[in-house]
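**Student:** As input, take input-v6.cif (mmCIF, C-alpha atoms):
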data_work
loop_
_atom_site.group_PDB
_atom_site.id
_atom_site.type_symbol
_atom_site.label_atom_id
_atom_site.label_comp_id
_atom_site.auth_asym_id
_atom_site.auth_seq_id
_atom_site.Cartn_x
_atom_site.Cartn_y
_atom_site.Cartn_z
ATOM 1 C CA MET A 368 19.842 -24.092 14.750
ATOM 2 C CA ARG A 369 19.638 -20.341 14.094
ATOM 3 C CA ASN A 370 17.861 -17.960 16.441
ATOM 4 C CA ASN A 371 15.202 -15.854 14.743
ATOM 5 C CA ALA A 372 14.457 -13.143 17.289
ATOM 6 C CA PHE A 373 14.527 -9.440 18.079
ATOM 7 C CA LEU A 374 16.763 -7.344 20.300
ATOM 8 C CA ILE A 375 16.217 -3.826 21.640
ATOM 9 C CA VAL A 376 19.484 -1.901 21.814
ATOM 10 C CA ASP A 377 19.968 1.436 23.561
ATOM 11 C CA LYS A 378 22.373 3.001 21.063
ATOM 12 C CA ASP A 379 24.978 5.431 22.349
ATOM 13 C CA GLU A 380 25.775 8.734 20.682
ATOM 14 C CA ASP A 381 28.556 8.967 18.075
ATOM 15 C CA MET A 382 27.983 5.443 16.782
ATOM 16 C CA THR A 383 26.358 4.436 13.501
ATOM 17 C CA SER A 384 23.393 2.077 13.469
ATOM 18 C CA THR A 385 25.312 -0.242 11.133
ATOM 19 C CA HIS A 386 28.176 -0.414 13.632
ATOM 20 C CA VAL A 387 25.677 -1.577 16.258
ATOM 21 C CA ASP A 388 24.493 -4.290 13.854
ATOM 22 C CA ASN A 389 28.043 -5.494 13.266
ATOM 23 C CA LEU A 390 28.992 -5.563 16.962
ATOM 24 C CA ILE A 391 25.912 -7.574 17.930
ATOM 25 C CA LYS A 392 26.318 -9.865 14.923
ATOM 26 C CA ARG A 393 29.834 -10.774 16.041
ATOM 27 C CA LYS A 394 28.752 -11.315 19.648
ATOM 28 C CA LEU A 395 25.855 -13.571 18.694
ATOM 29 C CA LYS A 396 27.688 -15.185 15.758
ATOM 30 C CA ALA A 397 24.503 -14.569 13.764
ATOM 31 C CA ASP A 398 24.192 -15.049 10.015
ATOM 32 C CA LYS A 399 22.694 -11.600 9.651
ATOM 33 C CA ILE A 400 21.511 -8.660 11.716
ATOM 34 C CA GLY A 401 19.399 -5.755 10.526
ATOM 35 C CA HIS A 402 17.745 -2.775 12.175
ATOM 36 C CA LEU A 403 14.430 -0.983 11.787
ATOM 37 C CA GLY A 404 14.754 2.782 11.383
ATOM 38 C CA THR A 405 18.290 4.125 11.185
ATOM 39 C CA LEU A 406 19.380 6.493 13.934
ATOM 40 C CA ASP A 407 21.829 9.236 12.963
ATOM 41 C CA PRO A 408 25.291 8.782 14.515
ATOM 42 C CA PHE A 409 24.762 11.733 16.882
ATOM 43 C CA ALA A 410 21.428 10.297 18.075
ATOM 44 C CA SER A 411 20.882 7.762 20.841
ATOM 45 C CA GLY A 412 18.158 5.481 22.047
ATOM 46 C CA LEU A 413 15.982 2.688 20.752
ATOM 47 C CA LEU A 414 17.359 0.649 17.870
ATOM 48 C CA LEU A 415 15.320 -2.468 17.129
ATOM 49 C CA LEU A 416 17.445 -5.276 15.711
ATOM 50 C CA GLY A 417 16.191 -8.283 13.793
ATOM 51 C CA ILE A 418 18.305 -11.414 14.203
ATOM 52 C CA ASN A 419 18.514 -13.671 11.154
ATOM 53 C CA ASP A 420 15.113 -14.140 9.474
ATOM 54 C CA ALA A 421 13.301 -11.991 12.042
ATOM 55 C CA CYS A 422 14.324 -9.089 9.767
ATOM 56 C CA LYS A 423 11.697 -10.317 7.297
ATOM 57 C CA LEU A 424 9.016 -9.285 9.796
ATOM 58 C CA PHE A 425 10.039 -5.610 9.988
ATOM 59 C CA PRO A 426 7.258 -4.598 7.542
ATOM 60 C CA LEU A 427 4.766 -5.467 10.292
ATOM 61 C CA ILE A 428 6.314 -2.783 12.519
ATOM 62 C CA GLU A 429 7.741 -0.126 10.196
ATOM 63 C CA GLU A 430 4.542 1.955 10.023
ATOM 64 C CA GLU A 431 4.364 2.316 13.817
ATOM 65 C CA LYS A 432 4.563 5.751 15.453
ATOM 66 C CA LYS A 433 7.959 6.789 16.809
ATOM 67 C CA THR A 434 8.626 8.923 19.875
ATOM 68 C CA TYR A 435 11.714 11.105 20.308
ATOM 69 C CA VAL A 436 13.125 13.617 22.776
ATOM 70 C CA ALA A 437 15.175 16.373 21.147
ATOM 71 C CA LYS A 438 17.135 19.375 22.362
ATOM 72 C CA ALA A 439 17.632 22.285 19.966
ATOM 73 C CA VAL A 440 20.217 25.036 20.390
ATOM 74 C CA LEU A 441 18.986 28.466 19.308
ATOM 75 C CA GLY A 442 20.756 31.211 17.361
ATOM 76 C CA LYS A 443 22.813 28.967 15.067
ATOM 77 C CA LYS A 444 22.107 26.739 12.076
ATOM 78 C CA THR A 445 24.404 24.021 10.762
ATOM 79 C CA ASP A 446 24.462 22.484 7.293
ATOM 80 C CA THR A 447 23.374 19.103 8.715
ATOM 81 C CA LEU A 448 20.813 20.664 11.103
ATOM 82 C CA ASP A 449 22.560 18.911 14.020
ATOM 83 C CA ARG A 450 25.688 19.310 16.137
ATOM 84 C CA THR A 451 27.869 17.331 13.704
ATOM 85 C CA GLY A 452 27.688 19.949 10.948
ATOM 86 C CA LYS A 453 29.404 23.271 10.391
ATOM 87 C CA VAL A 454 27.688 26.509 11.373
ATOM 88 C CA ILE A 455 26.351 28.294 8.278
ATOM 89 C CA PHE A 456 24.147 30.955 9.927
ATOM 90 C CA GLU A 457 24.157 32.845 13.197
ATOM 91 C CA GLU A 458 21.662 35.382 14.450
ATOM 92 C CA LYS A 459 20.450 36.990 17.653
ATOM 93 C CA ILE A 460 18.090 34.779 19.653
ATOM 94 C CA LYS A 461 14.526 36.009 20.008
ATOM 95 C CA PRO A 462 12.968 35.358 23.433
ATOM 96 C CA LEU A 463 10.578 32.434 23.802
ATOM 97 C CA SER A 464 7.400 32.344 25.865
ATOM 98 C CA GLU A 465 5.184 29.530 27.089
ATOM 99 C CA GLU A 466 2.166 31.054 25.355
ATOM 100 C CA LYS A 467 3.849 31.291 21.944
ATOM 101 C CA ILE A 468 5.452 27.852 22.236
ATOM 102 C CA SER A 469 2.066 26.310 23.063
ATOM 103 C CA SER A 470 0.425 27.987 20.078
ATOM 104 C CA VAL A 471 3.178 27.012 17.642
ATOM 105 C CA PHE A 472 3.382 23.432 18.890
ATOM 106 C CA SER A 473 -0.383 23.022 18.453
ATOM 107 C CA SER A 474 -0.124 24.171 14.834
ATOM 108 C CA PHE A 475 2.121 21.208 13.960
ATOM 109 C CA ILE A 476 -0.321 18.518 15.093
ATOM 110 C CA GLY A 477 -1.717 16.567 12.151
ATOM 111 C CA ARG A 478 -0.573 15.858 8.612
ATOM 112 C CA SER A 479 1.770 18.167 6.732
ATOM 113 C CA LYS A 480 4.470 18.199 4.080
ATOM 114 C CA GLN A 481 8.150 17.907 4.976
ATOM 115 C CA THR A 482 11.227 18.099 2.770
ATOM 116 C CA PRO A 483 13.958 15.689 3.939
ATOM 117 C CA PRO A 484 17.317 17.277 4.829
ATOM 118 C CA LYS A 485 20.047 17.160 2.203
ATOM 119 C CA PHE A 486 22.282 15.395 4.726
ATOM 120 C CA SER A 487 20.111 12.277 4.807
ATOM 121 C CA ALA A 488 20.104 8.731 3.463
ATOM 122 C CA CYS A 489 17.501 9.490 0.786
ATOM 123 C CA HIS A 490 18.339 8.194 -2.681
ATOM 124 C CA VAL A 491 18.983 10.662 -5.503
ATOM 125 C CA ASP A 492 19.800 9.144 -8.896
ATOM 126 C CA GLY A 493 21.289 6.063 -7.271
ATOM 127 C CA LYS A 494 23.325 7.967 -4.688
ATOM 128 C CA ARG A 495 22.694 8.897 -1.081
ATOM 129 C CA ALA A 496 21.701 12.523 -0.564
ATOM 130 C CA TYR A 497 24.396 13.071 2.067
ATOM 131 C CA GLN A 498 27.072 11.997 -0.434
ATOM 132 C CA LEU A 499 25.905 14.636 -2.912
ATOM 133 C CA ALA A 500 25.638 17.238 -0.140
ATOM 134 C CA ARG A 501 29.233 16.574 0.945
ATOM 135 C CA ASP A 502 30.354 17.061 -2.666
ATOM 136 C CA ASN A 503 28.416 20.354 -2.876
ATOM 137 C CA VAL A 504 26.188 19.000 -5.648
ATOM 138 C CA ASP A 505 23.017 21.018 -6.160
ATOM 139 C CA PHE A 506 19.876 18.851 -5.931
ATOM 140 C CA LYS A 507 16.334 18.885 -4.625
ATOM 141 C CA LEU A 508 14.450 16.335 -2.558
ATOM 142 C CA LYS A 509 10.720 15.746 -2.897
ATOM 143 C CA GLU A 510 8.342 16.701 -0.131
ATOM 144 C CA LYS A 511 6.755 13.855 1.807
ATOM 145 C CA ASP A 512 3.620 13.560 3.886
ATOM 146 C CA ILE A 513 4.298 13.238 7.604
ATOM 147 C CA ASP A 514 2.079 13.071 10.672
ATOM 148 C CA VAL A 515 2.801 14.659 14.036
ATOM 149 C CA TYR A 516 0.620 12.959 16.634
ATOM 150 C CA LYS A 517 1.917 14.607 19.785
ATOM 151 C CA LEU A 518 4.309 17.483 20.474
ATOM 152 C CA THR A 519 5.235 18.599 23.979
ATOM 153 C CA CYS A 520 7.677 21.234 25.204
ATOM 154 C CA LEU A 521 9.622 19.737 28.112
ATOM 155 C CA SER A 522 11.737 22.796 28.937
ATOM 156 C CA PHE A 523 13.257 25.946 27.471
ATOM 157 C CA ASP A 524 15.631 28.730 28.451
ATOM 158 C CA GLU A 525 17.303 31.681 26.763
ATOM 159 C CA SER A 526 19.430 29.491 24.468
ATOM 160 C CA SER A 527 17.689 26.135 23.963
ATOM 161 C CA ILE A 528 14.437 24.197 23.886
ATOM 162 C CA THR A 529 13.774 20.539 24.648
ATOM 163 C CA PHE A 530 10.694 18.791 23.294
ATOM 164 C CA LYS A 531 9.114 15.358 22.876
ATOM 165 C CA ALA A 532 7.532 14.377 19.563
ATOM 166 C CA THR A 533 5.503 11.362 18.477
ATOM 167 C CA VAL A 534 5.564 11.184 14.705
ATOM 168 C CA SER A 535 4.995 8.964 11.693
ATOM 169 C CA LYS A 536 7.532 7.005 9.703
ATOM 170 C CA GLY A 537 9.689 9.254 7.536
ATOM 171 C CA CYS A 538 9.560 12.335 9.744
ATOM 172 C CA TYR A 539 12.967 13.969 10.288
ATOM 173 C CA ILE A 540 13.139 15.523 13.758
ATOM 174 C CA ARG A 541 15.986 17.776 12.593
ATOM 175 C CA VAL A 542 13.656 19.349 10.036
ATOM 176 C CA LEU A 543 10.727 19.407 12.450
ATOM 177 C CA ALA A 544 12.869 21.331 14.957
ATOM 178 C CA GLU A 545 13.952 23.797 12.260
ATOM 179 C CA ASP A 546 10.340 24.365 11.188
ATOM 180 C CA ILE A 547 9.137 24.791 14.776
ATOM 181 C CA LEU A 548 11.810 27.324 15.618
ATOM 182 C CA ALA A 549 11.210 29.212 12.368
ATOM 183 C CA LYS A 550 7.633 29.809 13.573
ATOM 184 C CA LEU A 551 9.171 30.966 16.845
ATOM 185 C CA ASP A 552 11.323 33.456 14.876
ATOM 186 C CA ASN A 553 14.582 31.612 15.549
ATOM 187 C CA ILE A 554 17.098 29.380 13.840
ATOM 188 C CA CYS A 555 18.492 26.273 15.502
ATOM 189 C CA TYR A 556 20.300 22.972 15.261
ATOM 190 C CA LEU A 557 19.760 19.756 17.205
ATOM 191 C CA LYS A 558 22.219 19.199 20.022
ATOM 192 C CA SER A 559 20.758 15.827 20.995
ATOM 193 C CA LEU A 560 18.140 13.364 19.794
ATOM 194 C CA ARG A 561 16.937 10.256 21.596
ATOM 195 C CA ARG A 562 14.390 7.734 20.349
ATOM 196 C CA GLU A 563 12.264 6.401 23.190
ATOM 197 C CA LYS A 564 9.608 4.268 21.481
ATOM 198 C CA ILE A 565 8.564 2.530 18.275
ATOM 199 C CA GLY A 566 4.856 1.815 18.675
ATOM 200 C CA ASP A 567 4.571 0.015 22.014
ATOM 201 C CA ILE A 568 8.223 -1.049 21.957
ATOM 202 C CA SER A 569 10.230 0.881 24.543
ATOM 203 C CA LEU A 570 13.699 0.857 26.085
ATOM 204 C CA LYS A 571 12.447 -1.117 29.085
ATOM 205 C CA ASN A 572 14.268 -4.349 28.220
ATOM 206 C CA SER A 573 17.074 -2.840 26.158
ATOM 207 C CA VAL A 574 20.752 -3.746 26.157
ATOM 208 C CA LYS A 575 23.962 -1.886 25.429
ATOM 209 C CA VAL A 576 26.412 -3.120 22.800
ATOM 210 C CA ASP A 577 29.057 -3.713 25.474
ATOM 211 C CA ASP A 578 26.768 -5.801 27.699
ATOM 212 C CA THR A 579 27.752 -9.400 28.364
ATOM 213 C CA ILE A 580 26.781 -12.068 25.874
ATOM 214 C CA GLU A 581 24.689 -13.681 28.634
ATOM 215 C CA LYS A 582 22.615 -10.510 29.114
ATOM 216 C CA ILE A 583 22.173 -10.050 25.371
ATOM 217 C CA PHE A 584 21.003 -13.637 24.919
ATOM 218 C CA SER A 585 18.600 -13.350 27.848
ATOM 219 C CA SER A 586 17.177 -10.097 26.447
ATOM 220 C CA MET A 587 16.326 -11.496 23.021
ATOM 221 C CA ILE A 588 12.600 -11.310 22.196
ATOM 222 C CA SER A 589 10.967 -14.253 20.466
ATOM 223 C CA ILE A 590 8.769 -13.752 17.422
ATOM 224 C CA ASP A 591 5.769 -14.975 19.449
ATOM 225 C CA ASP A 592 6.373 -12.336 22.115
ATOM 226 C CA MET A 593 6.986 -9.536 19.596
ATOM 227 C CA PHE A 594 3.687 -10.269 17.833
ATOM 228 C CA PRO A 595 1.305 -11.639 20.503
ATOM 229 C CA PHE A 596 -1.680 -10.436 18.450
ATOM 230 C CA ILE A 597 -0.882 -12.801 15.551
ATOM 231 C CA ARG A 598 -2.403 -16.248 15.914
ATOM 232 C CA CYS A 599 -0.107 -19.285 15.677
ATOM 233 C CA LEU A 600 -1.242 -22.595 14.209
ATOM 234 C CA ASP A 601 0.640 -25.852 14.591
ATOM 235 C CA LEU A 602 0.952 -27.769 11.337
ATOM 236 C CA GLN A 603 -0.931 -30.995 12.016
ATOM 237 C CA ASP A 604 -2.831 -31.546 8.771
ATOM 238 C CA ASP A 605 -0.582 -33.148 6.133
ATOM 239 C CA LYS A 606 -2.244 -31.336 3.220
ATOM 240 C CA VAL A 607 -1.938 -27.928 4.891
ATOM 241 C CA GLU A 608 1.661 -28.643 5.896
ATOM 242 C CA LYS A 609 2.567 -29.560 2.320
ATOM 243 C CA LYS A 610 1.047 -26.324 1.002
ATOM 244 C CA VAL A 611 2.794 -24.188 3.626
ATOM 245 C CA MET A 612 6.152 -25.880 3.042
ATOM 246 C CA ASN A 613 5.767 -25.275 -0.708
ATOM 247 C CA GLY A 614 4.564 -21.700 -0.280
ATOM 248 C CA ASN A 615 1.122 -22.325 -1.773
ATOM 249 C CA PRO A 616 -1.936 -20.188 -0.934
ATOM 250 C CA LEU A 617 -4.561 -21.486 1.474
ATOM 251 C CA LYS A 618 -8.303 -21.109 1.790
ATOM 252 C CA GLY A 619 -9.669 -19.888 5.117
ATOM 253 C CA GLU A 620 -11.797 -23.007 5.520
ATOM 254 C CA GLU A 621 -8.694 -25.199 5.189
ATOM 255 C CA ILE A 622 -7.295 -23.771 8.399
ATOM 256 C CA ASN A 623 -10.569 -22.621 9.993
ATOM 257 C CA VAL A 624 -9.414 -19.066 10.734
ATOM 258 C CA ASP A 625 -10.409 -15.558 9.697
ATOM 259 C CA THR A 626 -7.667 -13.096 10.592
ATOM 260 C CA GLN A 627 -5.293 -10.790 8.734
ATOM 261 C CA TYR A 628 -2.068 -12.640 9.559
ATOM 262 C CA ILE A 629 -1.259 -16.121 10.779
ATOM 263 C CA PHE A 630 1.959 -17.828 11.854
ATOM 264 C CA PHE A 631 2.495 -21.509 11.157
ATOM 265 C CA LYS A 632 4.562 -23.602 13.547
ATOM 266 C CA LYS A 633 6.340 -26.881 13.017
ATOM 267 C CA ASP A 634 8.073 -28.700 15.872
ATOM 268 C CA GLY A 635 7.488 -25.658 18.087
ATOM 269 C CA LEU A 636 9.167 -23.188 15.701
ATOM 270 C CA ILE A 637 7.498 -20.502 13.596
ATOM 271 C CA ILE A 638 8.358 -21.388 10.000
ATOM 272 C CA SER A 639 6.043 -19.155 7.971
ATOM 273 C CA LEU A 640 3.816 -16.084 8.063
ATOM 274 C CA TYR A 641 0.715 -15.921 5.869
ATOM 275 C CA GLN A 642 -1.349 -12.833 5.040
ATOM 276 C CA LYS A 643 -4.999 -12.733 4.008
ATOM 277 C CA LYS A 644 -5.640 -11.178 0.602
ATOM 278 C CA ASP A 645 -9.208 -11.316 -0.669
ATOM 279 C CA ALA A 646 -10.452 -14.858 0.019
ATOM 280 C CA LEU A 647 -7.066 -16.560 0.244
ATOM 281 C CA TYR A 648 -4.094 -16.665 2.602
ATOM 282 C CA HIS A 649 -0.805 -16.052 0.795
ATOM 283 C CA PRO A 650 2.753 -16.539 2.097
ATOM 284 C CA PHE A 651 4.196 -13.302 3.472
ATOM 285 C CA CYS A 652 7.597 -14.737 4.335
ATOM 286 C CA LYS A 653 9.326 -18.002 5.204
ATOM 287 C CA LEU A 654 11.559 -18.337 8.256
ATOM 288 C CA ASN A 655 14.567 -20.625 8.105
ATOM 289 C CA TYR A 656 16.265 -22.291 11.071
#
Just dump the structure as structure tokens.
**Tutor:**
Amino acid sequence: MRNNAFLIVDKDEDMTSTHVDNLIKRKLKADKIGHLGTLDPFASGLLLLGINDACKLFPLIEEEKKTYVAKAVLGKKTDTLDRTGKVIFEEKIKPLSEEKISSVFSSFIGRSKQTPPKFSACHVDGKRAYQLARDNVDFKLKEKDIDVYKLTCLSFDESSITFKATVSKGCYIRVLAEDILAKLDNICYLKSLRREKIGDISLKNSVKVDDTIEKIFSSMISIDDMFPFIRCLDLQDDKVEKKVMNGNPLKGEEINVDTQYIFFKKDGLIISLYQKKDALYHPFCKLNY
């Protein structure tokens, strides 16, 4: 029987998110492993993995707020906007002050437009933006709406600033840092970036890729525990079971519930997720074991 579960990994710097997937996949001998929200190789912190069919449930989480801690170095700008790129601009650092930082940080709270960095995984005519950027191809990326929910300066000195940001899906902290420092009359690049939270999911019960297989297994999070707010129903009615097994829609009165999502269990295992649309419940995804 396959495990459908989640795993919180504390990713180290200088490692791709896909490499984390592959290492854990080999350790668990899983059919597939996927992650929610790619972390750049230079970044560290929370990487949420879906094991086997748990990946199908990522859409329930992907819109959650994300919290990061970032450190920006002043006076230099790299082509990637982080420490992995080559320096393309240098200029004298303008002094920072608590008063100005507070004012500028406040101005970023709310919704705004952000243009993704050219060194990113965005698709451009079937290719990744970073591939085109490496080949010096001239292209433009479309602005996207982002939300900044919270922005706090943790520390600053004459050459750097460290801040914590809680933002929406799709927000690039590299670009946010560049925009913040531009308002502070400076250029910068990110020296470090660490993701601390996705919604209410934190690093509290995280593992490292080199942890023992026993610790990784014991740290796996069941679907029930990841989504405690979604009601589970055991399949006891033959007619309902037949419809669920065949992926047919259900009426609310057939299952006597009125909620947005519902898990169905058979023999103690979650086998399907249904979502309410109008007056009917439709299959969202099927989980195989």
**Student:** Could you produce a table of the residues of range 548-582 of chain A lying within 12 Å of range 593-603 of chain A, with the nearest pair of atoms per residue and their separation in Å rounded to one decimal, using all atoms listed in the file, ordered by chain and increasing residue number, as a Markdown table?
**Tutor:**
| residue | atom | partner | partner_atom | distance |
| --- | --- | --- | --- | --- |
| A:Gly566 | CA | A:Met593 | CA | 11.6 |
| A:Asp567 | CA | A:Met593 | CA | 10.1 |
| A:Ile568 | CA | A:Met593 | CA | 8.9 |
| A:Ser569 | CA | A:Met593 | CA | 12.0 |
**Student:** What's around Asp552 in chain A at 12 Å? Count all atoms listed in the file, leave out sequence neighbours fewer than 2 positions away in its own chain, and write the answer as a PyMOL selection string.
**Tutor:** chain A and resi 441-442+458-464+467-468+471+545-550+554-555
**Student:** I'd like the residues picked by the PyMOL selection byres ((chain A and resi 395) around 12) written out as a PyMOL selection string, using the chain letters and numbers from the file.
**Tutor:** chain A and resi 369-372+374+388-394+396-400+418-419+576+578-585+587
**Student:** Given the choices A:Lys433, A:Tyr628, A:Val504, A:Leu551, which gets closest to Phe472 in chain A if the distance is worked out from only C-alpha atoms?
**Tutor:**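 Closest residue, counting only C-alpha atoms: A:Leu551.
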**Student:** Applying the PyMOL selection byres ((chain A and resi 526-539) around 8) to the file I just gave you, which residues come out? Please list them as a PyMOL selection string.
**Tutor:** chain A and resi 429-442+460+481+483-484+511+513-525+540-543
**Student:** Run the PyMOL selection byres ((chain A and resi 506) around 9) on the file and write out the hits as a ChimeraX atom specification.
**Tutor:** /A:485,491,496,499-500,504-505,507-508
**Student:** Go ahead and compute the interatomic distance for CA of Asp592 in chain A and CA of Asn615 in chain A, in Å to one decimal.
**Tutor:**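 Spanning CA of Asp592 in chain A to CA of Asn615 in chain A is a straight-line distance of 26.4 Å.
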**Student:** Smallest atom-to-atom distance to Thr445 in chain A: which of A:Leu557, A:Leu427, A:Cys652, A:Ala544, using all atoms listed in the file?
**Tutor:** A:Leu557
**Student:** Please indicate the distance in Å from CA of Thr626 in chain A to CA of Gln642 in chain A, rounded to one decimal place.
**Tutor:**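 Pair CA of Thr626 in chain A / CA of Gln642 in chain A returns 8.4 Å.
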**Student:** So the first atom is CA of Thr451 in chain A and the second is CA of Gly404 in chain A; what is the distance between them in Å, to one decimal place?
**Tutor:**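 Going from CA of Thr451 in chain A over to CA of Gly404 in chain A covers 19.7 Å.
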**Student:** Which residues are near Leu647 in chain A? Cut-off 9 Å, all atoms listed in the file, ignore same chain within fewer than 5 positions. Put them as a list in words.
**Tutor:**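 Here the qualifying residues turn out to be Pro616, Leu617, Lys618, Gly619 and Gln642 of chain A.
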**Student:** Skipping near chain neighbours, those fewer than 4 positions away, what residues fall within 10 Å of Phe409 in chain A using all atoms listed in the file, listed as a list in words?
**Tutor:**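 Once the nearby chain positions are removed, what remains is Lys378, Asp379, Glu380, Asp381, Met382, Thr383, Asp449, Arg450, Thr451, Leu557, Lys558, Ser559, Leu560 and Arg561 of chain A.
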**Student:** Need the shell around Val611 in chain A: protein/DNA/RNA residues with any atom at most 12 Å away, counting only C-alpha atoms. Skip same-chain ones fewer than 2 positions apart. Format as a ChimeraX atom specification?
**Tutor:** /A:600-609,613-618,621-622,629-633,637-641,648-654
**Student:** Kindly export the residues of the current selection with C-alpha atoms, as a JSON list (two decimals), in the coordinates of the input.
**Tutor:**
[["chain", "number", "residue", "atom", "x", "y", "z"],
["A", 600, "LEU", "CA", -1.24, -22.60, 14.21],
["A", 601, "ASP", "CA", 0.64, -25.85, 14.59],
["A", 602, "LEU", "CA", 0.95, -27.77, 11.34],
["A", 603, "GLN", "CA", -0.93, -31.00, 12.02],
["A", 604, "ASP", "CA", -2.83, -31.55, 8.77],
["A", 605, "ASP", "CA", -0.58, -33.15, 6.13],
["A", 606, "LYS", "CA", -2.24, -31.34, 3.22],
["A", 607, "VAL", "CA", -1.94, -27.93, 4.89],
["A", 608, "GLU", "CA", 1.66, -28.64, 5.90],
["A", 609, "LYS", "CA", 2.57, -29.56, 2.32],
["A", 613, "ASN", "CA", 5.77, -25.28, -0.71],
["A", 614, "GLY", "CA", 4.56, -21.70, -0.28],
["A", 615, "ASN", "CA", 1.12, -22.32, -1.77],
["A", 616, "PRO", "CA", -1.94, -20.19, -0.93],
["A", 617, "LEU", "CA", -4.56, -21.49, 1.47],
["A", 618, "LYS", "CA", -8.30, -21.11, 1.79],
["A", 621, "GLU", "CA", -8.69, -25.20, 5.19],
["A", 622, "ILE", "CA", -7.30, -23.77, 8.40],
["A", 629, "ILE", "CA", -1.26, -16.12, 10.78],
["A", 630, "PHE", "CA", 1.96, -17.83, 11.85],
["A", 631, "PHE", "CA", 2.50, -21.51, 11.16],
["A", 632, "LYS", "CA", 4.56, -23.60, 13.55],
["A", 633, "LYS", "CA", 6.34, -26.88, 13.02],
["A", 637, "ILE", "CA", 7.50, -20.50, 13.60],
["A", 638, "ILE", "CA", 8.36, -21.39, 10.00],
["A", 639, "SER", "CA", 6.04, -19.16, 7.97],
["A", 640, "LEU", "CA", 3.82, -16.08, 8.06],
["A", 641, "TYR", "CA", 0.72, -15.92, 5.87],
["A", 648, "TYR", "CA", -4.09, -16.66, 2.60],
["A", 649, "HIS", "CA", -0.80, -16.05, 0.80],
["A", 650, "PRO", "CA", 2.75, -16.54, 2.10],
["A", 651, "PHE", "CA", 4.20, -13.30, 3.47],
["A", 652, "CYS", "CA", 7.60, -14.74, 4.34],
["A", 653, "LYS", "CA", 9.33, -18.00, 5.20],
["A", 654, "LEU", "CA", 11.56, -18.34, 8.26]]
**Student:** Which one of A:Arg478, A:His386, A:Lys643, A:Lys453 sits closest to Gly401 in chain A if you count all atoms listed in the file?
**Tutor:** A:His386
**Student:** Find the residue from A:Val387, A:Ile476, A:Ala646, A:Leu413 that sits nearest to Lys571 in chain A; use only C-alpha atoms when measuring.
**Tutor:**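 Under the stated criterion, the closest residue is A:Leu413.
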**Student:** Enclose the full set of atoms of range 407-422 of chain A listed in the file within a box whose edges lie along x, y and z, apply 3 Å of padding to each of the six sides, and report centre and edge lengths in Å to one decimal as lines of an AutoDock Vina configuration file.
**Tutor:**
center_x = 19.3
center_y = -1.2
center_z = 15.8
size_x = 18.0
size_y = 31.9
size_z = 18.6
**Student:** In terms of the shortest atom-to-atom distance over only C-alpha atoms, which of A:Ser479, A:Ser411, A:Gln627, A:Asn553 is closest to Asp512 in chain A?
**Tutor:** A:Ser479
**Student:** Residues near Phe425 in chain A, anyone? I mean within 9 Å using only C-alpha atoms, not counting same-chain ones fewer than 6 positions away, as a list in words.
**Tutor:** His402, Leu403 and Gly417 of chain A
